[in-house]
$ cat query.cif   # mmCIF, N, CA and C atoms and all ligand atoms
data_coords
#
loop_
_atom_site.label_atom_id
_atom_site.label_comp_id
_atom_site.auth_asym_id
_atom_site.auth_seq_id
_atom_site.Cartn_x
_atom_site.Cartn_y
_atom_site.Cartn_z
N MET A 3 86.81 76.61 67.23
CA MET A 3 88.19 76.26 67.00
C MET A 3 88.44 74.81 67.44
N ILE A 4 87.85 74.43 68.55
CA ILE A 4 88.02 73.05 69.03
C ILE A 4 87.43 72.06 68.03
N ASN A 5 86.22 72.38 67.53
CA ASN A 5 85.59 71.49 66.56
C ASN A 5 86.40 71.40 65.27
N ASP A 6 86.95 72.54 64.85
CA ASP A 6 87.76 72.56 63.63
C ASP A 6 89.03 71.73 63.83
N THR A 7 89.65 71.87 64.98
CA THR A 7 90.86 71.10 65.29
C THR A 7 90.53 69.60 65.30
N TYR A 8 89.39 69.24 65.88
CA TYR A 8 88.98 67.84 65.93
C TYR A 8 88.77 67.29 64.51
N ARG A 9 88.14 68.09 63.65
CA ARG A 9 87.90 67.66 62.27
C ARG A 9 89.23 67.42 61.52
N ARG A 10 90.21 68.23 61.85
CA ARG A 10 91.50 68.15 61.14
C ARG A 10 92.52 67.27 61.86
N ARG A 11 92.10 66.51 62.84
CA ARG A 11 93.02 65.76 63.69
C ARG A 11 93.95 64.81 62.92
N ALA A 12 93.48 64.25 61.81
CA ALA A 12 94.32 63.32 61.03
C ALA A 12 95.44 64.07 60.31
N GLU A 13 95.23 65.35 60.04
CA GLU A 13 96.24 66.15 59.32
C GLU A 13 97.29 66.74 60.25
N ILE A 14 96.99 66.76 61.53
CA ILE A 14 97.88 67.44 62.49
C ILE A 14 99.00 66.50 62.93
N GLU A 15 100.22 66.98 62.73
CA GLU A 15 101.37 66.19 63.16
C GLU A 15 101.81 66.68 64.54
N PRO A 16 101.84 65.78 65.51
CA PRO A 16 102.21 66.22 66.87
C PRO A 16 103.67 66.66 66.94
N CYS A 17 103.94 67.60 67.79
CA CYS A 17 105.30 68.07 68.03
C CYS A 17 105.72 67.57 69.41
N TYR A 18 106.77 66.80 69.47
CA TYR A 18 107.21 66.22 70.75
C TYR A 18 108.37 67.00 71.37
N GLU A 19 108.68 68.14 70.76
CA GLU A 19 109.76 68.97 71.27
C GLU A 19 109.35 69.60 72.60
N THR A 20 110.22 69.50 73.58
CA THR A 20 109.92 70.09 74.89
C THR A 20 110.36 71.55 74.91
N ARG A 21 109.46 72.40 75.31
CA ARG A 21 109.80 73.82 75.43
C ARG A 21 109.63 74.24 76.87
N SER A 22 110.57 75.01 77.36
CA SER A 22 110.42 75.49 78.73
C SER A 22 109.93 76.93 78.69
N ARG A 23 109.07 77.24 79.60
CA ARG A 23 108.50 78.57 79.69
C ARG A 23 109.53 79.47 80.38
N PRO A 24 109.78 80.66 79.84
CA PRO A 24 110.74 81.55 80.51
C PRO A 24 110.20 82.01 81.86
N THR A 25 111.09 82.34 82.73
CA THR A 25 110.69 82.86 84.04
C THR A 25 110.63 84.39 83.97
N ALA A 26 110.02 84.98 84.98
CA ALA A 26 109.95 86.44 85.04
C ALA A 26 111.35 87.05 85.08
N LEU A 27 112.28 86.37 85.74
CA LEU A 27 113.65 86.89 85.81
C LEU A 27 114.33 86.87 84.45
N GLN A 28 114.04 85.83 83.65
CA GLN A 28 114.62 85.78 82.29
C GLN A 28 114.05 86.91 81.44
N ILE A 29 112.76 87.15 81.57
CA ILE A 29 112.14 88.25 80.82
C ILE A 29 112.74 89.57 81.28
N TYR A 30 112.90 89.70 82.56
CA TYR A 30 113.46 90.93 83.15
C TYR A 30 114.83 91.26 82.54
N GLN A 31 115.63 90.23 82.26
CA GLN A 31 116.96 90.45 81.69
C GLN A 31 116.91 91.19 80.36
N TRP A 32 115.79 91.07 79.64
CA TRP A 32 115.67 91.69 78.32
C TRP A 32 114.91 93.00 78.35
N LEU A 33 114.57 93.46 79.51
CA LEU A 33 113.90 94.75 79.65
C LEU A 33 114.94 95.83 79.94
N PRO A 34 114.61 97.11 79.74
CA PRO A 34 115.59 98.18 79.99
C PRO A 34 116.07 98.24 81.45
N ARG A 35 115.28 97.75 82.39
CA ARG A 35 115.63 97.71 83.82
C ARG A 35 115.90 99.09 84.40
N THR A 36 115.11 100.07 83.97
CA THR A 36 115.27 101.42 84.50
C THR A 36 114.21 101.74 85.56
N ASN A 37 113.19 100.90 85.67
CA ASN A 37 112.07 101.14 86.60
C ASN A 37 111.46 102.52 86.37
N CYS A 38 111.30 102.88 85.12
CA CYS A 38 110.81 104.22 84.78
C CYS A 38 109.30 104.39 85.02
N ARG A 39 108.57 103.30 85.13
CA ARG A 39 107.12 103.28 85.41
C ARG A 39 106.23 103.73 84.26
N GLU A 40 106.80 103.89 83.08
CA GLU A 40 105.98 104.29 81.92
C GLU A 40 104.89 103.28 81.60
N CYS A 41 105.16 102.03 81.94
CA CYS A 41 104.21 100.95 81.64
C CYS A 41 103.09 100.87 82.68
N GLY A 42 103.23 101.62 83.75
CA GLY A 42 102.21 101.59 84.81
C GLY A 42 102.59 100.67 85.96
N GLU A 43 103.70 99.96 85.82
CA GLU A 43 104.17 99.08 86.90
C GLU A 43 105.25 99.82 87.70
N VAL A 44 105.42 99.42 88.94
CA VAL A 44 106.38 100.08 89.80
C VAL A 44 107.82 99.73 89.40
N THR A 45 108.02 98.49 88.95
CA THR A 45 109.36 98.07 88.55
C THR A 45 109.30 97.26 87.25
N CYS A 46 110.45 97.13 86.62
CA CYS A 46 110.52 96.29 85.41
C CYS A 46 110.27 94.83 85.77
N LEU A 47 110.67 94.40 86.95
CA LEU A 47 110.43 93.02 87.36
C LEU A 47 108.94 92.76 87.52
N ALA A 48 108.22 93.72 88.06
CA ALA A 48 106.76 93.59 88.17
C ALA A 48 106.15 93.50 86.78
N PHE A 49 106.65 94.31 85.86
CA PHE A 49 106.17 94.26 84.48
C PHE A 49 106.44 92.87 83.89
N ALA A 50 107.63 92.34 84.12
CA ALA A 50 107.99 91.01 83.59
C ALA A 50 107.04 89.94 84.14
N ALA A 51 106.75 90.01 85.42
CA ALA A 51 105.86 89.02 86.04
C ALA A 51 104.46 89.11 85.45
N ARG A 52 103.99 90.31 85.24
CA ARG A 52 102.63 90.48 84.69
C ARG A 52 102.60 90.14 83.20
N LEU A 53 103.69 90.39 82.50
CA LEU A 53 103.79 90.00 81.09
C LEU A 53 103.71 88.47 80.97
N LEU A 54 104.40 87.79 81.86
CA LEU A 54 104.40 86.32 81.87
C LEU A 54 102.99 85.78 82.08
N LEU A 55 102.22 86.46 82.89
CA LEU A 55 100.85 86.03 83.18
C LEU A 55 99.85 86.47 82.11
N GLY A 56 100.33 87.25 81.15
CA GLY A 56 99.44 87.74 80.10
C GLY A 56 98.62 88.94 80.56
N GLU A 57 99.04 89.57 81.65
CA GLU A 57 98.29 90.71 82.19
C GLU A 57 98.87 92.05 81.74
N GLN A 58 99.95 92.00 80.99
CA GLN A 58 100.57 93.22 80.47
C GLN A 58 100.88 93.00 79.00
N SER A 59 101.01 94.07 78.28
CA SER A 59 101.37 93.98 76.86
C SER A 59 102.78 94.54 76.69
N ILE A 60 103.56 93.87 75.87
CA ILE A 60 104.93 94.33 75.64
C ILE A 60 104.95 95.75 75.07
N GLY A 61 103.90 96.12 74.36
CA GLY A 61 103.81 97.46 73.79
C GLY A 61 103.76 98.56 74.83
N ARG A 62 103.45 98.21 76.09
CA ARG A 62 103.39 99.22 77.16
C ARG A 62 104.78 99.66 77.62
N SER A 63 105.79 98.87 77.32
CA SER A 63 107.16 99.27 77.69
C SER A 63 107.73 100.08 76.54
N ARG A 64 107.33 101.33 76.46
CA ARG A 64 107.73 102.20 75.34
C ARG A 64 109.25 102.34 75.19
N PRO A 65 110.03 102.39 76.27
CA PRO A 65 111.48 102.52 76.09
C PRO A 65 112.10 101.41 75.25
N LEU A 66 111.42 100.24 75.22
CA LEU A 66 111.93 99.14 74.40
C LEU A 66 111.89 99.45 72.91
N PHE A 67 111.01 100.33 72.54
CA PHE A 67 110.79 100.58 71.11
C PHE A 67 111.35 101.92 70.66
N THR A 68 111.99 102.61 71.55
CA THR A 68 112.55 103.91 71.21
C THR A 68 113.92 104.06 71.88
N GLY A 69 114.71 104.90 71.32
CA GLY A 69 115.96 105.30 71.96
C GLY A 69 116.96 104.20 72.19
N GLU A 70 117.65 104.31 73.30
CA GLU A 70 118.82 103.47 73.54
C GLU A 70 118.54 102.01 73.84
N TYR A 71 117.29 101.62 74.04
CA TYR A 71 116.98 100.21 74.40
C TYR A 71 116.41 99.43 73.24
N ARG A 72 116.39 100.02 72.06
CA ARG A 72 115.81 99.35 70.89
C ARG A 72 116.49 98.02 70.59
N HIS A 73 117.75 97.88 70.96
CA HIS A 73 118.48 96.64 70.67
C HIS A 73 117.89 95.44 71.41
N LEU A 74 117.11 95.70 72.46
CA LEU A 74 116.49 94.61 73.23
C LEU A 74 115.16 94.17 72.63
N LYS A 75 114.64 94.99 71.72
CA LYS A 75 113.30 94.78 71.19
C LYS A 75 113.11 93.41 70.53
N GLU A 76 113.99 93.02 69.63
CA GLU A 76 113.80 91.77 68.88
C GLU A 76 113.77 90.57 69.82
N ALA A 77 114.66 90.52 70.80
CA ALA A 77 114.69 89.41 71.75
C ALA A 77 113.39 89.37 72.55
N MET A 78 112.89 90.53 72.95
CA MET A 78 111.64 90.58 73.71
C MET A 78 110.47 90.13 72.86
N LEU A 79 110.44 90.54 71.60
CA LEU A 79 109.33 90.15 70.73
C LEU A 79 109.35 88.64 70.50
N GLU A 80 110.54 88.06 70.39
CA GLU A 80 110.64 86.60 70.25
C GLU A 80 110.13 85.91 71.51
N LEU A 81 110.49 86.44 72.66
CA LEU A 81 110.03 85.86 73.93
C LEU A 81 108.51 85.91 74.04
N VAL A 82 107.96 87.05 73.69
CA VAL A 82 106.50 87.23 73.77
C VAL A 82 105.79 86.26 72.81
N ALA A 83 106.35 86.12 71.60
CA ALA A 83 105.76 85.19 70.64
C ALA A 83 105.85 83.76 71.16
N ALA A 84 106.99 83.41 71.78
CA ALA A 84 107.16 82.06 72.33
C ALA A 84 106.16 81.79 73.44
N LEU A 85 105.78 82.83 74.15
CA LEU A 85 104.78 82.68 75.22
C LEU A 85 103.37 82.50 74.63
N GLY A 86 103.25 82.82 73.36
CA GLY A 86 101.95 82.66 72.71
C GLY A 86 101.09 83.91 72.79
N TYR A 87 101.68 85.03 73.18
CA TYR A 87 100.92 86.27 73.28
C TYR A 87 101.04 87.08 72.00
N ALA A 88 100.04 87.87 71.74
CA ALA A 88 100.03 88.69 70.54
C ALA A 88 101.05 89.82 70.65
N ILE A 89 101.65 90.13 69.51
CA ILE A 89 102.59 91.25 69.44
C ILE A 89 101.83 92.43 68.90
N PRO A 90 101.82 93.55 69.62
CA PRO A 90 101.07 94.71 69.16
C PRO A 90 101.56 95.19 67.80
N GLU A 91 100.62 95.63 66.97
CA GLU A 91 100.97 96.06 65.61
C GLU A 91 101.88 97.28 65.58
N GLU A 92 101.72 98.16 66.55
CA GLU A 92 102.48 99.41 66.51
C GLU A 92 103.95 99.22 66.85
N THR A 93 104.39 97.99 67.16
CA THR A 93 105.80 97.76 67.45
C THR A 93 106.55 97.76 66.17
S1 LIG B 1 108.15 100.94 80.84
FE1 LIG B 1 109.64 99.33 80.45
S2 LIG B 1 111.54 100.17 81.29
FE2 LIG B 1 109.88 101.35 82.19
S3 LIG B 1 109.37 100.29 84.11
FE3 LIG B 1 108.03 99.46 82.54
S4 LIG B 1 109.13 97.66 81.83
FE4 LIG B 1 110.61 98.90 82.89
#

$ encode --input "query.cif" --output "structure tokens"
Amino acid sequence: MINDTYRRRAEIEPCYETRSRPTALQIYQWLPRTNCRECGEVTCLAFAARLLLGEQSIGRSRPLFTGEYRHLKEAMLELVAALGYAIPEET
């Protein structure tokens, strides 16, 4: 990938837009905040912190994709994509 990027360097237009990385607390705001532990973490904040580090997958928070918390799903998927992490297909 590095070699391919180097070969295409003349075609690549740099982006000078500054993007700020969300914090664990910002991610936490978009989680169900029930601390249900379905994801294997003790709290939703712990899940948010590990998601930020790429150590958790958004797909593990099943309540986000079912029932009363589905309205949070799109915002979370956008956040995950902005972080550069893969979005699980089953979402
Ligand atoms: S599964 Fe989702 S709602 Fe439950 S504790 Fe984990 S992050 Fe929070």

$ residues_around --input "query.cif" --residues "segment 87-91 of chain A" --least-positions-apart "4" --cutoff "6 Å" --atoms "all atoms listed in the file" --output "PyMOL selection string"
chain A and resi 61+82-83

$ closest_residue --input "query.cif" --among "A:Thr20, A:Leu79, A:Gly86, A:Thr36" --to "ligand LIG 1 (chain B)" --atoms "all atoms listed in the file"
A:Thr36

$ select_by_dssp --input "query.cif" --residues "chain A" --states "alpha helix (DSSP H)" --output "PyMOL selection string"
chain A and resi 4-9+26-31+46-54+75-85

$ write_last_selection --input "query.cif" --atoms "N, CA and C atoms" --output "mmCIF file, in the frame of the given file"
data_model
loop_
_atom_site.group_PDB
_atom_site.id
_atom_site.type_symbol
_atom_site.label_atom_id
_atom_site.label_comp_id
_atom_site.auth_asym_id
_atom_site.auth_seq_id
_atom_site.Cartn_x
_atom_site.Cartn_y
_atom_site.Cartn_z
ATOM 1 N N ILE A 4 87.850 74.430 68.550
ATOM 2 C CA ILE A 4 88.020 73.050 69.030
ATOM 3 C C ILE A 4 87.430 72.060 68.030
ATOM 4 N N ASN A 5 86.220 72.380 67.530
ATOM 5 C CA ASN A 5 85.590 71.490 66.560
ATOM 6 C C ASN A 5 86.400 71.400 65.270
ATOM 7 N N ASP A 6 86.950 72.540 64.850
ATOM 8 C CA ASP A 6 87.760 72.560 63.630
ATOM 9 C C ASP A 6 89.030 71.730 63.830
ATOM 10 N N THR A 7 89.650 71.870 64.980
ATOM 11 C CA THR A 7 90.860 71.100 65.290
ATOM 12 C C THR A 7 90.530 69.600 65.300
ATOM 13 N N TYR A 8 89.390 69.240 65.880
ATOM 14 C CA TYR A 8 88.980 67.840 65.930
ATOM 15 C C TYR A 8 88.770 67.290 64.510
ATOM 16 N N ARG A 9 88.140 68.090 63.650
ATOM 17 C CA ARG A 9 87.900 67.660 62.270
ATOM 18 C C ARG A 9 89.230 67.420 61.520
ATOM 19 N N ALA A 26 110.020 84.980 84.980
ATOM 20 C CA ALA A 26 109.950 86.440 85.040
ATOM 21 C C ALA A 26 111.350 87.050 85.080
ATOM 22 N N LEU A 27 112.280 86.370 85.740
ATOM 23 C CA LEU A 27 113.650 86.890 85.810
ATOM 24 C C LEU A 27 114.330 86.870 84.450
ATOM 25 N N GLN A 28 114.040 85.830 83.650
ATOM 26 C CA GLN A 28 114.620 85.780 82.290
ATOM 27 C C GLN A 28 114.050 86.910 81.440
ATOM 28 N N ILE A 29 112.760 87.150 81.570
ATOM 29 C CA ILE A 29 112.140 88.250 80.820
ATOM 30 C C ILE A 29 112.740 89.570 81.280
ATOM 31 N N TYR A 30 112.900 89.700 82.560
ATOM 32 C CA TYR A 30 113.460 90.930 83.150
ATOM 33 C C TYR A 30 114.830 91.260 82.540
ATOM 34 N N GLN A 31 115.630 90.230 82.260
ATOM 35 C CA GLN A 31 116.960 90.450 81.690
ATOM 36 C C GLN A 31 116.910 91.190 80.360
ATOM 37 N N CYS A 46 110.450 97.130 86.620
ATOM 38 C CA CYS A 46 110.520 96.290 85.410
ATOM 39 C C CYS A 46 110.270 94.830 85.770
ATOM 40 N N LEU A 47 110.670 94.400 86.950
ATOM 41 C CA LEU A 47 110.430 93.020 87.360
ATOM 42 C C LEU A 47 108.940 92.760 87.520
ATOM 43 N N ALA A 48 108.220 93.720 88.060
ATOM 44 C CA ALA A 48 106.760 93.590 88.170
ATOM 45 C C ALA A 48 106.150 93.500 86.780
ATOM 46 N N PHE A 49 106.650 94.310 85.860
ATOM 47 C CA PHE A 49 106.170 94.260 84.480
ATOM 48 C C PHE A 49 106.440 92.870 83.890
ATOM 49 N N ALA A 50 107.630 92.340 84.120
ATOM 50 C CA ALA A 50 107.990 91.010 83.590
ATOM 51 C C ALA A 50 107.040 89.940 84.140
ATOM 52 N N ALA A 51 106.750 90.010 85.420
ATOM 53 C CA ALA A 51 105.860 89.020 86.040
ATOM 54 C C ALA A 51 104.460 89.110 85.450
ATOM 55 N N ARG A 52 103.990 90.310 85.240
ATOM 56 C CA ARG A 52 102.630 90.480 84.690
ATOM 57 C C ARG A 52 102.600 90.140 83.200
ATOM 58 N N LEU A 53 103.690 90.390 82.500
ATOM 59 C CA LEU A 53 103.790 90.000 81.090
ATOM 60 C C LEU A 53 103.710 88.470 80.970
ATOM 61 N N LEU A 54 104.400 87.790 81.860
ATOM 62 C CA LEU A 54 104.400 86.320 81.870
ATOM 63 C C LEU A 54 102.990 85.780 82.080
ATOM 64 N N LYS A 75 114.640 94.990 71.720
ATOM 65 C CA LYS A 75 113.300 94.780 71.190
ATOM 66 C C LYS A 75 113.110 93.410 70.530
ATOM 67 N N GLU A 76 113.990 93.020 69.630
ATOM 68 C CA GLU A 76 113.800 91.770 68.880
ATOM 69 C C GLU A 76 113.770 90.570 69.820
ATOM 70 N N ALA A 77 114.660 90.520 70.800
ATOM 71 C CA ALA A 77 114.690 89.410 71.750
ATOM 72 C C ALA A 77 113.390 89.370 72.550
ATOM 73 N N MET A 78 112.890 90.530 72.950
ATOM 74 C CA MET A 78 111.640 90.580 73.710
ATOM 75 C C MET A 78 110.470 90.130 72.860
ATOM 76 N N LEU A 79 110.440 90.540 71.600
ATOM 77 C CA LEU A 79 109.330 90.150 70.730
ATOM 78 C C LEU A 79 109.350 88.640 70.500
ATOM 79 N N GLU A 80 110.540 88.060 70.390
ATOM 80 C CA GLU A 80 110.640 86.600 70.250
ATOM 81 C C GLU A 80 110.130 85.910 71.510
ATOM 82 N N LEU A 81 110.490 86.440 72.660
ATOM 83 C CA LEU A 81 110.030 85.860 73.930
ATOM 84 C C LEU A 81 108.510 85.910 74.040
ATOM 85 N N VAL A 82 107.960 87.050 73.690
ATOM 86 C CA VAL A 82 106.500 87.230 73.770
ATOM 87 C C VAL A 82 105.790 86.260 72.810
ATOM 88 N N ALA A 83 106.350 86.120 71.600
ATOM 89 C CA ALA A 83 105.760 85.190 70.640
ATOM 90 C C ALA A 83 105.850 83.760 71.160
ATOM 91 N N ALA A 84 106.990 83.410 71.780
ATOM 92 C CA ALA A 84 107.160 82.060 72.330
ATOM 93 C C ALA A 84 106.160 81.790 73.440
ATOM 94 N N LEU A 85 105.780 82.830 74.150
ATOM 95 C CA LEU A 85 104.780 82.680 75.220
ATOM 96 C C LEU A 85 103.370 82.500 74.630
#

$ closest_residue --input "query.cif" --among "A:Gly42, A:Gly56, A:Pro24, A:Pro16" --to "ligand LIG 1 (chain B)" --atoms "only N, CA and C atoms and all ligand atoms"
A:Gly42

$ closest_residue --input "query.cif" --among "A:Cys17, A:Ile4, A:Cys46, A:Ala26" --to "ligand LIG 1 (chain B)" --atoms "only C-alpha atoms and all ligand atoms"
A:Cys46

$ residues_near_ligand --input "query.cif" --ligand "ligand LIG 1 (chain B)" --cutoff "10 Å" --atoms "only C-alpha atoms and all ligand atoms" --output "MDAnalysis selection string"
chainID A and resid 29:30 32:50 53 58:67 71

$ closest_residue --input "query.cif" --among "A:Arg10, A:Tyr18, A:Thr25, A:Ala77" --to "Leu54 of chain A" --atoms "only N, CA and C atoms"
A:Thr25

$ atom_distance --input "query.cif" --atom1 "atom CA of Arg52 of chain A" --atom2 "atom C of Met78 of chain A"
14.2 Å
